[in-house]
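Just entry_32.cif here, mmCIF, C-alpha atoms:
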data_query
loop_
_atom_site.label_atom_id
_atom_site.label_comp_id
_atom_site.auth_asym_id
_atom_site.auth_seq_id
_atom_site.Cartn_x
_atom_site.Cartn_y
_atom_site.Cartn_z
CA MET A 1 -1.48 21.01 -10.92
CA ARG A 2 -2.25 17.36 -11.30
CA THR A 3 0.10 14.48 -11.83
CA SER A 4 0.87 14.00 -15.49
CA GLY A 5 -1.58 12.11 -17.65
CA ARG A 6 1.47 10.46 -19.15
CA CYS A 7 2.27 8.96 -15.75
CA PRO A 8 -0.27 6.13 -15.53
CA PHE A 9 1.24 4.89 -12.31
CA ARG A 10 2.61 2.51 -14.15
CA ILE A 11 20.16 2.57 -18.32
CA HIS A 12 22.47 3.84 -19.80
CA PRO A 13 26.14 3.49 -18.72
CA VAL A 14 26.78 5.72 -15.74
CA VAL A 15 29.40 8.40 -16.22
CA SER A 16 28.97 10.37 -13.00
CA ASP A 17 27.64 10.02 -9.48
CA ASP A 18 27.50 13.64 -8.39
CA PRO A 19 25.12 15.25 -5.92
CA VAL A 20 22.84 17.80 -7.56
CA ARG A 21 22.10 20.75 -5.31
CA PRO A 22 19.02 22.60 -6.54
CA PRO A 23 18.58 26.32 -5.80
CA PHE A 24 15.45 25.46 -3.80
CA GLY A 25 17.38 22.97 -1.66
CA ASN A 26 19.61 22.89 1.39
CA PRO A 27 23.14 23.63 0.14
CA ALA A 28 24.53 21.01 2.51
CA SER A 29 22.46 18.26 0.95
CA GLY A 30 20.90 17.49 -2.39
CA LEU A 31 19.90 14.92 -4.92
CA ARG A 32 22.17 11.94 -5.35
CA ALA A 33 21.63 10.95 -8.94
CA ARG A 34 23.35 8.99 -11.62
CA HIS A 35 23.01 10.74 -14.92
CA HIS A 36 24.26 10.47 -18.47
CA GLY A 37 23.00 13.06 -20.88
CA ARG A 38 19.25 13.10 -20.29
CA VAL A 39 19.19 9.88 -18.24
CA LEU A 40 18.69 10.14 -14.50
CA THR A 41 18.33 7.62 -11.70
CA LEU A 42 17.21 8.98 -8.35
CA GLU A 43 19.21 7.52 -5.48
CA ALA A 44 18.38 9.80 -2.55
CA PRO A 45 15.69 12.30 -1.59
CA LEU A 46 15.66 15.74 -3.15
CA VAL A 47 15.86 18.20 -0.26
CA THR A 48 14.27 21.64 -0.46
CA GLU A 49 13.96 24.26 2.24
CA ARG A 50 10.98 22.55 3.89
CA LEU A 51 10.39 19.32 1.99
CA LEU A 52 11.79 15.93 1.12
CA LEU A 53 10.92 14.62 -2.34
CA ARG A 54 11.74 10.93 -2.16
CA PRO A 55 10.96 7.61 -3.82
CA PHE A 56 7.78 5.97 -2.59
CA ARG A 57 7.84 3.37 0.19
CA SER A 58 5.37 0.57 0.75
CA GLN A 59 4.44 2.25 4.04
CA ASP A 60 3.02 5.21 2.09
CA ALA A 61 -0.06 3.24 1.04
CA ASP A 62 -2.30 4.38 3.90
CA ALA A 63 -1.42 8.06 3.46
CA LEU A 64 -1.90 7.88 -0.31
CA TYR A 65 -5.24 6.12 0.19
CA ASP A 66 -6.35 8.96 2.45
CA LEU A 67 -5.30 11.48 -0.20
CA ARG A 68 -7.03 9.68 -3.06
CA SER A 69 -10.24 9.20 -1.07
CA ARG A 70 -10.95 12.91 -0.62
CA PRO A 71 -13.62 14.42 -2.89
CA GLU A 72 -11.94 17.83 -2.87
CA VAL A 73 -8.83 16.19 -4.36
CA LEU A 74 -10.53 13.87 -6.83
CA ARG A 75 -12.75 16.53 -8.39
CA TYR A 76 -9.81 17.86 -10.42
CA LEU A 77 -8.13 14.53 -11.24
CA TYR A 78 -10.76 12.56 -13.18
CA TRP A 79 -10.17 9.52 -10.97
CA PRO A 80 -12.87 7.52 -9.19
CA PRO A 81 -12.32 6.88 -5.48
CA ALA A 82 -9.69 4.16 -5.10
CA SER A 83 -9.94 1.06 -2.98
CA ALA A 84 -7.26 0.30 -0.41
CA GLN A 85 -6.01 -2.60 -2.55
CA THR A 86 -5.84 -0.44 -5.67
CA VAL A 87 -3.70 2.10 -3.82
CA ARG A 88 -1.39 -0.65 -2.53
CA ASP A 89 -0.95 -1.80 -6.13
CA VAL A 90 -0.25 1.78 -7.23
CA VAL A 91 2.40 2.21 -4.53
CA ALA A 92 4.02 -1.10 -5.47
CA GLU A 93 4.37 0.12 -9.04
CA ARG A 94 5.69 3.50 -7.99
CA LEU A 95 8.47 1.88 -5.99
CA THR A 96 10.16 1.27 -9.35
CA MET A 97 9.46 4.70 -10.88
CA THR A 98 12.80 6.30 -10.00
CA LYS A 99 14.40 6.58 -13.47
CA LEU A 100 14.09 8.82 -16.50
CA ALA A 101 15.66 7.49 -19.68
CA VAL A 102 13.25 7.24 -22.63
CA ASP A 103 10.02 8.84 -23.81
CA GLY A 104 7.14 7.99 -21.51
CA ASP A 105 9.29 7.40 -18.43
CA CYS A 106 7.94 9.03 -15.28
CA LEU A 107 9.66 9.85 -12.01
CA VAL A 108 7.08 9.86 -9.20
CA LEU A 109 8.11 11.07 -5.76
CA ALA A 110 6.39 11.24 -2.40
CA VAL A 111 6.42 14.65 -0.75
CA GLU A 112 6.93 14.84 2.99
CA LEU A 113 7.52 17.66 5.43
CA ALA A 114 11.20 17.65 6.39
CA ALA A 115 10.45 18.82 9.93
CA THR A 116 7.93 16.09 10.77
CA GLY A 117 8.21 13.36 8.13
CA ARG A 118 4.49 13.68 7.36
CA PHE A 119 3.41 12.57 3.88
CA ILE A 120 1.58 15.45 2.20
CA GLY A 121 1.35 14.44 -1.45
CA GLU A 122 3.19 13.45 -4.58
CA VAL A 123 4.93 15.04 -7.57
CA ASP A 124 6.08 13.72 -10.91
CA LEU A 125 8.33 14.56 -13.82
CA SER A 126 7.71 12.83 -17.16
CA LEU A 127 9.82 12.64 -20.28
CA VAL A 128 7.40 13.58 -23.05
CA SER A 129 9.94 13.67 -25.88
CA THR A 130 13.71 13.30 -25.76
CA ASP A 131 13.93 14.38 -29.42
CA HIS A 132 12.23 17.67 -28.58
CA SER A 133 13.67 18.00 -25.04
CA HIS A 134 10.17 18.21 -23.57
CA GLY A 135 9.11 17.23 -20.07
CA GLU A 136 5.94 17.56 -18.01
CA ILE A 137 5.47 18.07 -14.27
CA GLY A 138 2.56 17.47 -11.94
CA ALA A 139 1.72 17.65 -8.24
CA ILE A 140 -1.05 16.58 -5.88
CA LEU A 141 -1.11 17.81 -2.27
CA HIS A 142 -3.28 16.95 0.69
CA PRO A 143 -5.87 19.72 1.32
CA ALA A 144 -4.40 20.32 4.79
CA ALA A 145 -1.02 21.08 3.20
CA GLN A 146 -2.34 23.54 0.64
CA GLY A 147 -1.94 27.28 0.95
CA HIS A 148 1.62 27.15 2.31
CA GLY A 149 3.60 27.31 -0.92
CA TYR A 150 4.57 23.64 -0.81
CA ALA A 151 3.36 22.95 -4.36
CA THR A 152 5.47 25.81 -5.73
CA GLU A 153 8.49 24.66 -3.73
CA ALA A 154 8.21 21.04 -4.84
CA ALA A 155 7.52 21.88 -8.48
CA GLY A 156 10.45 24.27 -8.48
CA ALA A 157 12.74 21.42 -7.46
CA LEU A 158 11.40 19.35 -10.37
CA LEU A 159 12.14 22.22 -12.75
CA ASP A 160 15.69 22.35 -11.40
CA LEU A 161 15.96 18.65 -12.24
CA ALA A 162 14.41 19.03 -15.67
CA PHE A 163 16.57 21.93 -16.78
CA GLY A 164 19.69 21.62 -14.65
CA VAL A 165 20.28 17.88 -14.84
CA LEU A 166 18.30 16.50 -17.78
CA LYS A 167 19.00 19.61 -19.87
CA LEU A 168 15.45 19.75 -21.20
CA HIS A 169 14.40 22.70 -23.32
CA ARG A 170 10.73 22.96 -22.38
CA VAL A 171 8.53 21.80 -19.51
CA THR A 172 4.74 21.90 -19.47
CA ALA A 173 2.01 21.34 -16.90
CA GLN A 174 -1.73 20.96 -17.22
CA THR A 175 -4.61 21.44 -14.82
CA ASN A 176 -8.38 21.51 -14.66
CA ALA A 177 -9.52 25.06 -15.43
CA GLY A 178 -11.42 25.16 -12.16
CA ASN A 179 -8.32 24.48 -10.09
CA LEU A 180 -7.37 28.11 -9.48
CA ALA A 181 -4.82 27.28 -6.78
CA SER A 182 -2.94 25.06 -9.20
CA ALA A 183 -2.97 27.73 -11.90
CA ARG A 184 -1.63 30.30 -9.43
CA ALA A 185 1.20 27.97 -8.40
CA MET A 186 2.30 27.57 -12.01
CA LEU A 187 2.23 31.31 -12.57
CA ARG A 188 4.35 31.84 -9.44
CA LEU A 189 6.94 29.49 -10.97
CA GLY A 190 7.16 31.74 -13.99
CA MET A 191 5.21 29.42 -16.26
CA ARG A 192 2.93 31.10 -18.76
CA GLN A 193 -0.51 29.94 -19.78
CA GLU A 194 -0.29 28.79 -23.39
CA GLY A 195 -3.71 27.32 -23.88
CA HIS A 196 -7.26 26.89 -22.66
CA LEU A 197 -8.66 23.60 -23.96
CA ARG A 198 -12.43 23.82 -23.99
CA GLU A 199 -14.34 20.69 -22.91
CA CYS A 200 -11.40 18.43 -23.74
CA VAL A 201 -12.02 15.84 -20.98
CA ARG A 202 -15.23 13.98 -20.26
CA PHE A 203 -15.47 12.38 -16.83
CA ALA A 204 -18.44 11.22 -14.77
CA GLY A 205 -20.84 12.50 -17.41
CA GLU A 206 -19.45 16.05 -17.48
CA TRP A 207 -17.11 17.97 -19.80
CA HIS A 208 -14.08 19.70 -18.30
CA ASP A 209 -11.78 22.47 -19.55
CA GLU A 210 -8.01 22.23 -19.17
CA LEU A 211 -5.33 24.93 -18.89
CA VAL A 212 -1.85 24.36 -20.34
CA PHE A 213 1.23 26.08 -18.91
CA ALA A 214 4.87 26.02 -20.05
CA ILE A 215 8.34 27.38 -19.33
CA LEU A 216 11.60 27.23 -21.28
CA ALA A 217 15.06 26.46 -19.91
CA GLU A 218 16.33 29.99 -20.54
CA GLU A 219 13.34 31.47 -18.73
CA TRP A 220 13.93 29.25 -15.68
CA ALA A 221 17.63 30.13 -15.70
CA ASP A 222 16.78 33.83 -15.72
CA ARG A 223 14.59 33.35 -12.65
CA ALA A 224 17.20 31.28 -10.81
CA GLY A 225 19.90 33.81 -11.69
#

Let me see the file written as structure tokens.
Amino acid sequence: MRTSGRCPFRIHPVVSDDPVRPPFGNPASGLRARHHGRVLTLEAPLVTERLLLRPFRSQDADALYDLRSRPEVLRYLYWPPASAQTVRDVVAERLTMTKLAVDGDCLVLAVELAATGRFIGEVDLSLVSTDHSHGEIGAILHPAAQGHGYATEAAGALLDLAFGVLKLHRVTAQTNAGNLASARAMLRLGMRQEGHLRECVRFAGEWHDELVFAILAEEWADRAG
């Protein structure tokens, strides 16, 4: 599951300031968010059983550079290896990406292990269309953190946000067809594969297939219930 293509690594009046406690999270903690209708401003980390999903910090640049320099990560993302300065610029932009209000907005969060504070990746939630109540999620994890269910746990917290707080109707995710681990994570979340896009992306002289997954609010509620 890659970060959303609509998130290029690039409010309304507040009517409540209530903590949102996702089913995946610690019931004693949660997301401190200001929200009005489908507008959300993240004000504190989202806490799950093993993870903290938090706004980026400038100190994350070295860890993100390590992540984005690994061939086994980049092969599914259609990104060239980044320079250290490029990653610092990306992090600086992401420091402001803590709100969801209008189409095209993207909430990008660093993922760290709650027990150790180690940065292990990033996740995002994008508003694709407020008119159609459609969002998109994505995740990138360090290879050393894969295989432990962290992607499923983090993405589940984003789905709680999308459906429980923003009241979206539909959330999608997309991945390279060769990324079998990503596809399995989306299936574990209850998302269904809705499409196989043949040779829809050309990168580095090669054509790539993409898989499209989706889940509806009522389907997520049934799982949570």

If the box runs along x, y and z of the file and leaves 6 Å on each side of region 196-211 of chain A, what are its centre and edge lengths in Å, one decimal, as JSON?
{"center_x": -13.1, "center_y": 19.1, "center_z": -19.4, "size_x": 27.5, "size_y": 27.7, "size_z": 21.2}

What does the PyMOL selection byres ((chain A and resi 131) around 10) select in this file, as an mmCIF file with C-alpha atoms, in the frame of the given file?
data_model
loop_
_atom_site.group_PDB
_atom_site.id
_atom_site.type_symbol
_atom_site.label_atom_id
_atom_site.label_comp_id
_atom_site.auth_asym_id
_atom_site.auth_seq_id
_atom_site.Cartn_x
_atom_site.Cartn_y
_atom_site.Cartn_z
ATOM 1 C CA VAL A 102 13.250 7.240 -22.630
ATOM 2 C CA ASP A 103 10.020 8.840 -23.810
ATOM 3 C CA VAL A 128 7.400 13.580 -23.050
ATOM 4 C CA SER A 129 9.940 13.670 -25.880
ATOM 5 C CA THR A 130 13.710 13.300 -25.760
ATOM 6 C CA HIS A 132 12.230 17.670 -28.580
ATOM 7 C CA SER A 133 13.670 18.000 -25.040
ATOM 8 C CA HIS A 134 10.170 18.210 -23.570
ATOM 9 C CA LEU A 168 15.450 19.750 -21.200
#

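Compared by their closest atoms to Phe119 (chain A), and using only C-alpha atoms, the residues A:Phe163, A:Trp207, A:Trp79, A:Phe56 rank with A:Phe56 nearest.
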
Rows by chain and residue number, region 113-134 of chain A within 7 Å of region 138-149 of chain A, shortest pair, only C-alpha atoms, as a tab-separated table:
residue	atom	partner	partner_atom	distance
A:Ile120	CA	A:His142	CA	5.3
A:Gly121	CA	A:Leu141	CA	4.3
A:Glu122	CA	A:Ile140	CA	5.4
A:Val123	CA	A:Ala139	CA	4.2
A:Asp124	CA	A:Gly138	CA	5.2
A:Leu125	CA	A:Gly138	CA	6.7

Can you tell me how far CA of Leu64 (chain A) sits from CA of Ala92 (chain A), in Å to one decimal?
11.9 Å

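Once the PyMOL selection byres ((chain A and resi 174-185) around 6) is applied to this file, the selection holds A:Met1, A:Arg2, A:Tyr76, A:Thr152, A:Ala173, A:Met186, A:Leu187, A:Arg188, A:Asp209, A:Glu210, A:Leu211, A:Val212.
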
If we draw a sphere of 12 Å around (10.8, 22.2, -6.9), which residues have at least one atom in it when counting only C-alpha atoms? Please report them as a PyMOL selection string.
chain A and resi 21-25+31+46-53+109+111+122-125+137-139+149-164+185-186+188-189+220+224

Please compute the CA of Thr98 (chain A)-CA of Glu219 (chain A) distance, one decimal, in Å.
26.6 Å

With a distance cut-off of 12 Å and all atoms listed in the file, select the neighbouring residues of Thr86 (chain A), excluding the residue or stretch itself and same-chain residues fewer than 6 positions from it, and output the selection as a ChimeraX atom specification.
/A:9,61-62,64-65,68-69,80,92-93

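The smallest atom-to-atom distance between Tyr78 (chain A) and any of A:Ala204, A:Leu42, A:Ile215, A:Ala221, using only C-alpha atoms, is found for A:Ala204.
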
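Between CA of Asp66 (chain A) and CA of Ala114 (chain A) lies a distance of 20.0 Å.
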
Using only C-alpha atoms: which of A:Ala63, A:Thr41, A:Thr172, A:Leu166 has the shortest distance to Val108 (chain A)
A:Thr41

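Residue nearest Glu206 (chain A) within the list A:Arg88, A:Arg75, A:Pro81, A:Arg170: A:Arg75 [criterion: smallest interatomic distance, only C-alpha atoms].
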
Restricting the calculation to only C-alpha atoms, which member of A:Asp60, A:Glu218, A:Glu136, A:Glu72 is positioned closest to Ala84 (chain A)?
A:Asp60

For Asp105 (chain A), which of A:Leu40, A:Val91, A:Ala82, A:Val165 is the closest residue, counting all atoms listed in the file?
A:Leu40
